[in-house]
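Read the structure below first, then the notes.
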Amino acid sequence: MSVQQKRLASLILKEHYGEVVEKVGCYLVAKGPRPLRDIIRETKLSRELVQKSLCCLIQHHFVSYEVNKKNVSLYNAWISNILLRARAPRYIYCAKCLFGYSGELIVDEILQHGSVEMSKVVTKVMSHLTEENIDFDESEVKSTFADLVMSHFLQRVRTETADNTSTEDDMYSLPPGLTFQGQGVKRKRSIDDDGHPTKRQKTEAKFHQEFIDEAIVSAVIKKVDKFAGDIVKAMLQLNELNRDPLSPTTQAVSLHEISQNLTIIPKMENAQVTQYLSLLSDEKENFVSKTGERGGGMYCINMQKCIDALCQNTVESVVQERFGSRCFRIFRLLLLKKHMEQKQIGELAMISSKDAKEFLYKLFAERFIAMQEIPRTSDYAPSRTFYLFSVELPQLSRMLIEKSYQALGNLMARRQTEVQENRRLVEKEERLEATINSLKAQHGEDTSAEAIEELRELIIPAEREQLKKLKLSLAKLEQSEIQVDETIFILSQYIAGN
Amino acid sequence: MAVADVVIKQEAVDAVDLEERVVQLCKENPKGITDQLISQDLPNIPPQQRVTAINRLLSMGRIELLKSGAQLLYRYKDAQAAAKTKGFDLQEKLVYQIIEEAGNKGIWIRDIRFKSNIQMTQLNKILKNLESKKLIKAVKSVAASKKKVYMLFNLEPDITVTGGAWYSDQDFESEFVEVLNQQCYKFLQQKTALAEKMNVDPLAKRNASYSSSQDVSKYISQLGISKVELSEGDIETILNTLVFDGKAEMTLVADSGSSPTEQKKLFRALVPLMPSTGLMRVPCGVCPVSDRCRDGGPISPSKCVYMKDWLSEL
Ligand code: SF4
């Protein structure tokens, strides 16, 4: 856990949960497992505040506790979970794309609480929908919820007591009771058999799988065409629920299954699908492999290779933008040929030896490439030493993920500064709007437009301008935070697999 | 008169013949010949004439006079070498020989010094001298820009010295390479676009998008952008740079034309996989001072000017 990660965690906690929670969270992140007593003493907060903060942190799975031998509860923070909070907008967006507006609201609600009972979520979502005057049936919301659970986007929180007995299936079971619309889907009651409310949480793993799948499909579309993309998408969907995160490939699926799951109309002929599949397995990146002949041919997707390729692309894009196209050529050359000397690099990349030297130095100085010295004589004389350059992708990814965490932190810090600097103005506007709203509420629709206009004019044009700018800036910063997180996501997927 | 003319000509011809004959004799006996041998070989030539011929040959430097014991020997001398080293002193001759040995790869001045054991200042003088006589020349080597190598004047420098088609005046022609790189890419792209339009199955489409280095080579030579003749190998080098650029991919296929083990390289244009990644779309991704950026420090996100500029370009 690095400095940048800690800083980011602190920024995230502060932004979403306030300064007190941040203080407690950061203390635990820095110190490791600690008992309550220590936390109170060293953060100099009141017992009550600390307990409340811990409660909040535990609910969001940022902190867990265990009882040690001396019967003292130790609280331990999980920084990786805190960092994932930055990805929340993407989870919500994903739910929206897959499950519509109600899906979005459900996931949003659960994200806000960390873990929460289904009934509460449904009630909240319903009240939200009525507020917005959207006509939505409660059963529809419930069914969306069920869909989210069935496709493993949501899961039950493991309870202490049930832990040893709960199986994989239990994690995704729905409360027993009412059958729902005769579909055989068991439905809804927020109280489990033993009388305890079952809390729900979102599962990052499933969302991440979705993101990776998306990235792979769009890469294939770019590389081949949309039909190939459709095939790969069908293959990924076919083993959406039984993916083993440790296996480097997906389970093999047959040609027939693939062609049944294609979405582009008109559907391709089997022969054409086979051609695309063989084309895909011939690609350098080896996204797809053929594993057998059953059912018209069995195919699987090489997940690890896909992730490697995506990561390599990300890293390449960084080099391209940061160092320009000629450095990029040298970098790619090193990726392809592993170890090389400066002279060979210049010759193969067709770059004059003077430039090659300069570019290599630049890349080396910023730690994008590694260098190995191989002395030909025991005196290590520079003139009789080979200097071999190479790219160490895992190492480089780790460095870049650090940079990304830093960038993300910088964006958040900047956003907080922007808000801070304009606080007075923003508050003024909020007060004003509130007054206008209450005026409207008092007098109904016939509130004189003049009065409102007058009130509005309390904010002078220069201030309006500034407010407009602020909003744009904040939007841009937030947008960029999500984008930087995409980089973090790809890199972290690669690092996890290496 | 006419008769006298003929006689004179006859004599002249005889004299030339005589000289040739002497040279011939010398060549046959590389160790040298004595005056006696010549007179035995050419019995009916008057001694007067013989002496004139030998003197002429000696003065032209075609033969040389050696003293072996009590006798004098005439020996054949290589005509050109003779002409060139004429008037050299010993050191000059030595340096010349060292340079001659190095052939068209040339030799570095330091190495000449080691081999000849001549003082640097003296050596410089000799080299200047030889250069001004147009017997040797200095060529800048591409291996190191400051390193000059010397070789005989009439030699064409080796490719390791000149660097081949990519060098002019020993300078690497980066722009030339880039232009070719772009043109090759354009060609491959056109080919892909054509293949895209074809109404055939995906495999055939893929195959149609490949071009061999011969095709590209032909296209480039038709464009006439190169003043020098570019070989297929040269074009392949350029195509390889496209592969490193991530703009093309290469595949090997069995060459149907020649023997079955022979493989042919095919190239096709690629679209880069991803747009620039999220990190690079914010100022911190390209920031030169990111290592020194700290909250509350002199360089900090709150005060950052890069951020400010970036936020104002809405
Ligand atoms: S905040 Fe500014 S100074 Fe800091 S890393 Fe980003 S661009 Fe660079």
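Ligands are numbered from 1 in the order shown, chains are lettered A, B, ... in the order of the structure tokens, and residues start at 1 in each chain.
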Practice task
Taking only C-alpha atoms and all ligand atoms into account, report as a ChimeraX atom specification which residues have an atom no farther than 9 Å from an atom of ligand 1.
Solution key: /A:403,406-407,409-411,413-414 /B:282-295,299-308
Put those residues in a file: N, CA and C atoms, as a CSV table (one decimal), in the first residue's frame.
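result-v4.csv, freshly written:
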chain,number,residue,atom,x,y,z
A,403,LYS,N,0.9,6.2,-10.6
A,403,LYS,CA,0.7,7.5,-11.3
A,403,LYS,C,-0.7,7.8,-11.4
A,406,GLN,N,-2.2,8.7,-8.2
A,406,GLN,CA,-1.9,10.1,-7.9
A,406,GLN,C,-2.7,11.1,-8.7
A,407,ALA,N,-2.9,10.8,-10.0
A,407,ALA,CA,-3.7,11.7,-10.9
A,407,ALA,C,-5.1,11.8,-10.4
A,409,GLY,N,-6.2,11.2,-7.4
A,409,GLY,CA,-6.1,12.0,-6.1
A,409,GLY,C,-6.0,13.5,-6.5
A,410,ASN,N,-5.2,13.9,-7.4
A,410,ASN,CA,-5.0,15.3,-7.8
A,410,ASN,C,-6.3,15.8,-8.3
A,411,LEU,N,-7.0,15.1,-9.1
A,411,LEU,CA,-8.3,15.6,-9.6
A,411,LEU,C,-9.3,15.8,-8.5
A,413,ALA,N,-8.6,16.3,-5.4
A,413,ALA,CA,-8.2,17.4,-4.5
A,413,ALA,C,-8.5,18.7,-5.2
A,414,ARG,N,-8.3,18.8,-6.5
A,414,ARG,CA,-8.6,20.0,-7.2
A,414,ARG,C,-10.1,20.3,-7.2
B,282,VAL,N,-5.8,13.6,-18.9
B,282,VAL,CA,-5.8,14.6,-17.9
B,282,VAL,C,-4.4,15.2,-17.8
B,283,PRO,N,-4.2,16.4,-17.3
B,283,PRO,CA,-2.9,17.0,-17.3
B,283,PRO,C,-1.9,16.2,-16.6
B,284,CYS,N,-2.3,15.5,-15.5
B,284,CYS,CA,-1.3,14.8,-14.7
B,284,CYS,C,-0.6,13.7,-15.5
B,285,GLY,N,-1.3,13.2,-16.5
B,285,GLY,CA,-0.7,12.1,-17.2
B,285,GLY,C,0.5,12.5,-18.0
B,286,VAL,N,0.5,13.7,-18.5
B,286,VAL,CA,1.7,14.2,-19.2
B,286,VAL,C,2.5,15.2,-18.5
B,287,CYS,N,2.2,15.4,-17.2
B,287,CYS,CA,2.8,16.4,-16.4
B,287,CYS,C,4.3,16.1,-16.2
B,288,PRO,N,5.2,17.1,-16.5
B,288,PRO,CA,6.6,16.8,-16.3
B,288,PRO,C,7.1,16.9,-14.8
B,289,VAL,N,6.3,17.5,-14.0
B,289,VAL,CA,6.7,17.7,-12.6
B,289,VAL,C,5.9,16.9,-11.6
B,290,SER,N,5.2,15.8,-12.1
B,290,SER,CA,4.2,15.1,-11.3
B,290,SER,C,5.0,14.5,-10.1
B,291,ASP,N,6.2,14.2,-10.2
B,291,ASP,CA,7.0,13.6,-9.1
B,291,ASP,C,7.1,14.5,-7.9
B,292,ARG,N,7.0,15.8,-8.2
B,292,ARG,CA,7.2,16.8,-7.1
B,292,ARG,C,5.9,17.4,-6.7
B,293,CYS,N,4.8,16.9,-7.2
B,293,CYS,CA,3.5,17.5,-6.9
B,293,CYS,C,3.0,16.9,-5.6
B,294,ARG,N,2.7,17.8,-4.6
B,294,ARG,CA,2.2,17.3,-3.3
B,294,ARG,C,1.1,18.3,-2.9
B,295,ASP,N,0.1,17.7,-2.1
B,295,ASP,CA,-0.9,18.6,-1.6
B,295,ASP,C,-0.2,19.6,-0.6
B,299,ILE,N,4.4,22.8,-5.6
B,299,ILE,CA,3.6,22.4,-6.8
B,299,ILE,C,2.5,21.5,-6.2
B,300,SER,N,1.3,21.9,-6.4
B,300,SER,CA,0.2,21.2,-5.8
B,300,SER,C,-1.0,21.2,-6.7
B,301,PRO,N,-1.9,20.2,-6.6
B,301,PRO,CA,-3.1,20.2,-7.5
B,301,PRO,C,-4.0,21.4,-7.3
B,302,SER,N,-4.0,22.0,-6.1
B,302,SER,CA,-4.9,23.1,-6.0
B,302,SER,C,-4.4,24.4,-6.7
B,303,LYS,N,-3.0,24.5,-6.8
B,303,LYS,CA,-2.5,25.7,-7.4
B,303,LYS,C,-2.0,25.4,-8.9
B,304,CYS,N,-2.2,24.2,-9.3
B,304,CYS,CA,-1.6,23.8,-10.6
B,304,CYS,C,-2.0,24.6,-11.8
B,305,VAL,N,-1.1,25.1,-12.5
B,305,VAL,CA,-1.4,25.9,-13.7
B,305,VAL,C,-1.9,25.0,-14.9
B,306,TYR,N,-1.3,23.8,-14.9
B,306,TYR,CA,-1.7,22.9,-16.0
B,306,TYR,C,-3.2,22.6,-15.9
B,307,MET,N,-3.6,22.3,-14.6
B,307,MET,CA,-5.0,22.1,-14.4
B,307,MET,C,-5.9,23.3,-14.8
B,308,LYS,N,-5.4,24.5,-14.4
B,308,LYS,CA,-6.1,25.7,-14.6
B,308,LYS,C,-6.4,25.9,-16.1
Kindly assemble as CSV a list of the chain B residues that lie within 8 Å of chain A, each paired with its nearest atom pair and their distance in Å to one decimal, using only C-alpha atoms, sorted first by chain and then by ascending residue number.
residue,atom,partner,partner_atom,distance
B:Phe172,CA,A:Ser352,CA,5.6
B:Ser174,CA,A:Ile351,CA,6.7
B:Val177,CA,A:Met350,CA,7.2
B:Asp201,CA,A:Gln272,CA,6.9
B:Pro202,CA,A:Tyr276,CA,6.5
B:Leu203,CA,A:Gln275,CA,6.2
B:Thr237,CA,A:Leu348,CA,7.2
B:Ile238,CA,A:Met350,CA,7.7
B:Asn240,CA,A:Leu348,CA,7.7
B:Thr241,CA,A:Ala349,CA,5.6
B:Phe244,CA,A:Arg329,CA,5.3
B:Asp245,CA,A:Arg329,CA,4.9
B:Gly246,CA,A:Arg332,CA,7.6
B:Leu270,CA,A:Lys223,CA,7.5
B:Val271,CA,A:Lys223,CA,6.6
B:Pro272,CA,A:Lys223,CA,8.0
B:Leu273,CA,A:Ala219,CA,6.0
B:Met274,CA,A:Asn313,CA,6.8
B:Pro275,CA,A:Ser317,CA,7.7
B:Ser276,CA,A:Ser317,CA,5.4
B:Thr277,CA,A:Thr314,CA,5.8
B:Gly278,CA,A:Gln483,CA,4.3
B:Leu279,CA,A:Val484,CA,4.6
B:Met280,CA,A:Val318,CA,6.3
B:Arg281,CA,A:Ser480,CA,7.5
B:Val282,CA,A:Ser480,CA,6.7
B:Cys284,CA,A:Ala407,CA,5.5
B:Gly285,CA,A:Ala407,CA,7.0
B:Val286,CA,A:Arg322,CA,5.5
B:Asp295,CA,A:Ala413,CA,7.9
B:Pro301,CA,A:Asn410,CA,5.3
B:Ser302,CA,A:Arg414,CA,5.0
B:Leu311,CA,A:Ser473,CA,5.8
B:Ser312,CA,A:Ser473,CA,7.8
B:Leu314,CA,A:Leu472,CA,7.6
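CA of Ala86 (chain A) sits 24.8 Å away from CA of Asp147 (chain A).
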Problem - All residues 12 Å or closer to Glu214 (chain A), only C-alpha atoms, same chain fewer than 3 positions away omitted, as number ranges by chain - result: A: 94, 97, 207-211, 217-221, 229-230, 232-234, 236-237, 306-307, 310, 486, 490
Exercise for the section: Take CA of Val141 (chain A) and CA of Phe153 (chain A) and report the distance between them in Å, one decimal. Expected result: 15.1 Å
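For region 182-304 of chain B, a DSSP pass over the backbone yields strand (DSSP E or B) at Ser211, Ser212, Ala248, Glu249, Met250, Thr251, Leu252, Val253, Ala254, Gln263, Lys264, Lys265, Leu266, Phe267, Arg268 and Ala269 of chain B.
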Practice task
Tell me, as a list in words, which residues lie within 10 Å of His128 (chain A), counting only C-alpha atoms; anything in the same chain fewer than 6 positions away does not count.
Solution key: Ser102, Leu105, Val122 and Ile134 of chain A
Problem - Shell of 10 Å around Glu196 (chain B), only C-alpha atoms, local chain residues under 4 positions omitted, as a VMD selection string - result: chain B and resid 190 to 192 200 202 205 to 206 208 to 209
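Here the question is which of B:Arg268, B:Gly69, B:Glu64, B:Leu127 gets nearest to Leu94 (chain B) using only C-alpha atoms, and that residue is B:Leu127.
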Handout entry: One-decimal distance in Å that lies between CA of Arg50 (chain B) and CA of Ala70 (chain B)
Key = 20.8 Å
Completion exercise
Of A:Gln493, A:Ser254, A:Gln5, A:Asn437, the one sitting nearest Gln304 (chain A) when using only C-alpha atoms is A:Gln493
Problem - Selection: 12 Å around Gln182 (chain B), only C-alpha atoms, excl. self and same-chain fewer than 3 positions, as a PyMOL selection string - result: chain B and resi 175-179+185-189+216+220+225+238-239+241-242+245+247-248+269
Could you save the residues just selected, with C-alpha atoms, as a PDB file, in the first residue's frame?
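Contents of selection32.pdb, freshly written:
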ATOM      1  CA  GLU B 175      13.039  12.558 -42.745  1.00  0.00           C
ATOM      2  CA  PHE B 176      13.479  10.332 -45.740  1.00  0.00           C
ATOM      3  CA  VAL B 177      12.758   7.303 -43.582  1.00  0.00           C
ATOM      4  CA  GLU B 178       9.667   8.940 -42.112  1.00  0.00           C
ATOM      5  CA  VAL B 179       8.330   9.871 -45.525  1.00  0.00           C
ATOM      6  CA  TYR B 185       1.432   2.904 -44.471  1.00  0.00           C
ATOM      7  CA  LYS B 186      -0.730   4.723 -46.961  1.00  0.00           C
ATOM      8  CA  PHE B 187      -0.302   1.930 -49.430  1.00  0.00           C
ATOM      9  CA  LEU B 188      -1.263  -0.703 -46.876  1.00  0.00           C
ATOM     10  CA  GLN B 189      -4.263   1.328 -45.792  1.00  0.00           C
ATOM     11  CA  VAL B 216       5.007  -2.103 -51.680  1.00  0.00           C
ATOM     12  CA  ILE B 220       7.283   3.204 -53.853  1.00  0.00           C
ATOM     13  CA  ILE B 225      10.171   9.821 -54.182  1.00  0.00           C
ATOM     14  CA  ILE B 238      10.729   0.332 -43.550  1.00  0.00           C
ATOM     15  CA  LEU B 239       7.731  -1.989 -43.290  1.00  0.00           C
ATOM     16  CA  THR B 241       9.233   0.055 -38.582  1.00  0.00           C
ATOM     17  CA  LEU B 242       5.494   0.165 -39.279  1.00  0.00           C
ATOM     18  CA  ASP B 245       4.793   1.553 -34.716  1.00  0.00           C
ATOM     19  CA  LYS B 247       0.430   0.433 -37.510  1.00  0.00           C
ATOM     20  CA  ALA B 248       0.922  -2.819 -39.377  1.00  0.00           C
ATOM     21  CA  ALA B 269      -2.365  -2.127 -41.989  1.00  0.00           C
TER      22      ALA B 269
END
List as a compact mmCIF listing (two decimals) with C-alpha atoms, in the first residue's frame the protein and nucleic acid residues near Leu45 (chain A), meaning an atom at most 10 Å away when only C-alpha atoms are counted, but skip any in the same chain fewer than 6 places from it.
# COMPACT_ATOMS: atom_id res chain seq x y z
CA VAL A 20 -14.54 12.18 11.26
CA LYS A 23 -9.82 10.37 10.48
CA VAL A 24 -10.78 6.99 11.86
CA ILE A 39 -8.45 4.42 18.08
CA GLN A 51 -18.13 4.04 17.21
Handout entry: DSSP-assigned helix (DSSP H, G or I) members of region 322-380 of chain A, reported as a PyMOL selection string
Key = chain A and resi 322-323+325-337+342-349+353-365
Just to be explicit: take each residue in the selection above, keep N, CA, C and O atoms, and write the result as a short mmCIF file (atom, residue, chain, number, x, y, z; two decimals), in the first residue's frame.
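Final output, selection-v4.cif:
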data_model
loop_
_atom_site.label_atom_id
_atom_site.label_comp_id
_atom_site.auth_asym_id
_atom_site.auth_seq_id
_atom_site.Cartn_x
_atom_site.Cartn_y
_atom_site.Cartn_z
N ARG A 322 3.06 10.40 -23.97
CA ARG A 322 4.03 11.09 -23.13
C ARG A 322 5.34 11.33 -23.87
O ARG A 322 6.00 12.33 -23.66
N PHE A 323 5.72 10.41 -24.73
CA PHE A 323 7.05 10.52 -25.35
C PHE A 323 7.02 10.73 -26.86
O PHE A 323 8.06 10.94 -27.47
N SER A 325 5.85 9.62 -31.00
CA SER A 325 5.75 8.39 -31.79
C SER A 325 7.09 7.68 -31.98
O SER A 325 7.14 6.47 -32.12
N ARG A 326 8.19 8.45 -31.96
CA ARG A 326 9.45 7.75 -32.23
C ARG A 326 9.95 6.98 -31.01
O ARG A 326 10.49 5.89 -31.13
N CYS A 327 9.72 7.55 -29.84
CA CYS A 327 10.01 6.79 -28.62
C CYS A 327 9.11 5.58 -28.56
O CYS A 327 9.51 4.50 -28.12
N PHE A 328 7.88 5.79 -28.98
CA PHE A 328 6.90 4.72 -28.97
C PHE A 328 7.39 3.56 -29.82
O PHE A 328 7.26 2.40 -29.44
N ARG A 329 7.99 3.87 -30.96
CA ARG A 329 8.51 2.81 -31.82
C ARG A 329 9.58 1.99 -31.10
O ARG A 329 9.56 0.76 -31.11
N ILE A 330 10.46 2.70 -30.43
CA ILE A 330 11.51 2.00 -29.69
C ILE A 330 10.91 1.15 -28.59
O ILE A 330 11.29 0.00 -28.40
N PHE A 331 9.93 1.70 -27.92
CA PHE A 331 9.30 0.98 -26.82
C PHE A 331 8.64 -0.31 -27.32
O PHE A 331 8.81 -1.38 -26.75
N ARG A 332 7.92 -0.20 -28.43
CA ARG A 332 7.25 -1.38 -28.97
C ARG A 332 8.25 -2.40 -29.46
O ARG A 332 8.06 -3.60 -29.35
N LEU A 333 9.32 -1.89 -30.05
CA LEU A 333 10.38 -2.78 -30.51
C LEU A 333 10.90 -3.60 -29.34
O LEU A 333 11.09 -4.82 -29.45
N LEU A 334 11.11 -2.94 -28.22
CA LEU A 334 11.60 -3.65 -27.05
C LEU A 334 10.57 -4.65 -26.51
O LEU A 334 10.93 -5.73 -26.06
N LEU A 335 9.31 -4.28 -26.60
CA LEU A 335 8.26 -5.20 -26.17
C LEU A 335 8.29 -6.46 -27.02
O LEU A 335 8.11 -7.57 -26.54
N LEU A 336 8.51 -6.26 -28.32
CA LEU A 336 8.49 -7.40 -29.24
C LEU A 336 9.73 -8.25 -29.12
O LEU A 336 9.67 -9.47 -29.15
N LYS A 337 10.89 -7.59 -29.01
CA LYS A 337 12.14 -8.34 -29.10
C LYS A 337 12.82 -8.55 -27.76
O LYS A 337 13.97 -8.98 -27.72
N GLN A 342 21.62 -0.81 -27.74
CA GLN A 342 21.28 0.45 -28.37
C GLN A 342 21.49 0.43 -29.88
O GLN A 342 20.69 0.94 -30.65
N LYS A 343 22.58 -0.21 -30.30
CA LYS A 343 22.93 -0.18 -31.72
C LYS A 343 21.84 -0.90 -32.53
O LYS A 343 21.34 -0.36 -33.52
N GLN A 344 21.46 -2.09 -32.06
CA GLN A 344 20.42 -2.84 -32.77
C GLN A 344 19.12 -2.06 -32.79
O GLN A 344 18.40 -2.04 -33.80
N ILE A 345 18.81 -1.43 -31.68
CA ILE A 345 17.55 -0.70 -31.59
C ILE A 345 17.51 0.38 -32.66
O ILE A 345 16.55 0.49 -33.40
N GLY A 346 18.59 1.14 -32.74
CA GLY A 346 18.65 2.19 -33.75
C GLY A 346 18.50 1.64 -35.15
O GLY A 346 17.77 2.19 -35.97
N GLU A 347 19.17 0.52 -35.41
CA GLU A 347 19.12 -0.04 -36.76
C GLU A 347 17.72 -0.52 -37.12
O GLU A 347 17.21 -0.26 -38.20
N LEU A 348 17.10 -1.25 -36.19
CA LEU A 348 15.79 -1.82 -36.50
C LEU A 348 14.70 -0.75 -36.53
O LEU A 348 13.79 -0.81 -37.34
N ALA A 349 14.80 0.20 -35.63
CA ALA A 349 13.77 1.23 -35.57
C ALA A 349 14.03 2.32 -36.60
O ALA A 349 13.21 3.21 -36.78
N SER A 353 21.61 6.99 -34.58
CA SER A 353 22.10 6.52 -33.30
C SER A 353 22.06 7.63 -32.25
O SER A 353 21.88 7.37 -31.07
N LYS A 354 22.19 8.87 -32.70
CA LYS A 354 22.15 9.97 -31.75
C LYS A 354 20.77 10.07 -31.12
O LYS A 354 20.62 10.14 -29.90
N ASP A 355 19.74 10.04 -31.98
CA ASP A 355 18.37 10.12 -31.47
C ASP A 355 18.04 8.91 -30.62
O ASP A 355 17.41 9.04 -29.57
N ALA A 356 18.45 7.74 -31.09
CA ALA A 356 18.11 6.52 -30.36
C ALA A 356 18.65 6.61 -28.94
O ALA A 356 17.99 6.26 -27.97
N LYS A 357 19.87 7.11 -28.84
CA LYS A 357 20.49 7.25 -27.52
C LYS A 357 19.64 8.16 -26.64
O LYS A 357 19.35 7.84 -25.50
N GLU A 358 19.22 9.27 -27.23
CA GLU A 358 18.45 10.25 -26.47
C GLU A 358 17.10 9.66 -26.01
O GLU A 358 16.71 9.79 -24.86
N PHE A 359 16.43 9.00 -26.95
CA PHE A 359 15.11 8.44 -26.63
C PHE A 359 15.23 7.37 -25.55
O PHE A 359 14.43 7.31 -24.62
N LEU A 360 16.23 6.51 -25.70
CA LEU A 360 16.41 5.46 -24.71
C LEU A 360 16.65 6.06 -23.34
O LEU A 360 16.13 5.60 -22.33
N TYR A 361 17.44 7.12 -23.34
CA TYR A 361 17.72 7.74 -22.05
C TYR A 361 16.44 8.29 -21.43
O TYR A 361 16.19 8.12 -20.25
N LYS A 362 15.64 8.95 -22.26
CA LYS A 362 14.39 9.52 -21.74
C LYS A 362 13.53 8.43 -21.13
O LYS A 362 13.00 8.58 -20.03
N LEU A 363 13.34 7.36 -21.88
CA LEU A 363 12.50 6.26 -21.40
C LEU A 363 13.07 5.65 -20.13
O LEU A 363 12.36 5.31 -19.19
N PHE A 364 14.40 5.54 -20.12
CA PHE A 364 15.05 4.92 -18.98
C PHE A 364 14.94 5.82 -17.74
O PHE A 364 14.65 5.35 -16.64
N ALA A 365 15.14 7.12 -17.97
CA ALA A 365 15.11 8.05 -16.84
C ALA A 365 13.74 8.06 -16.17
O ALA A 365 13.64 8.23 -14.96
#
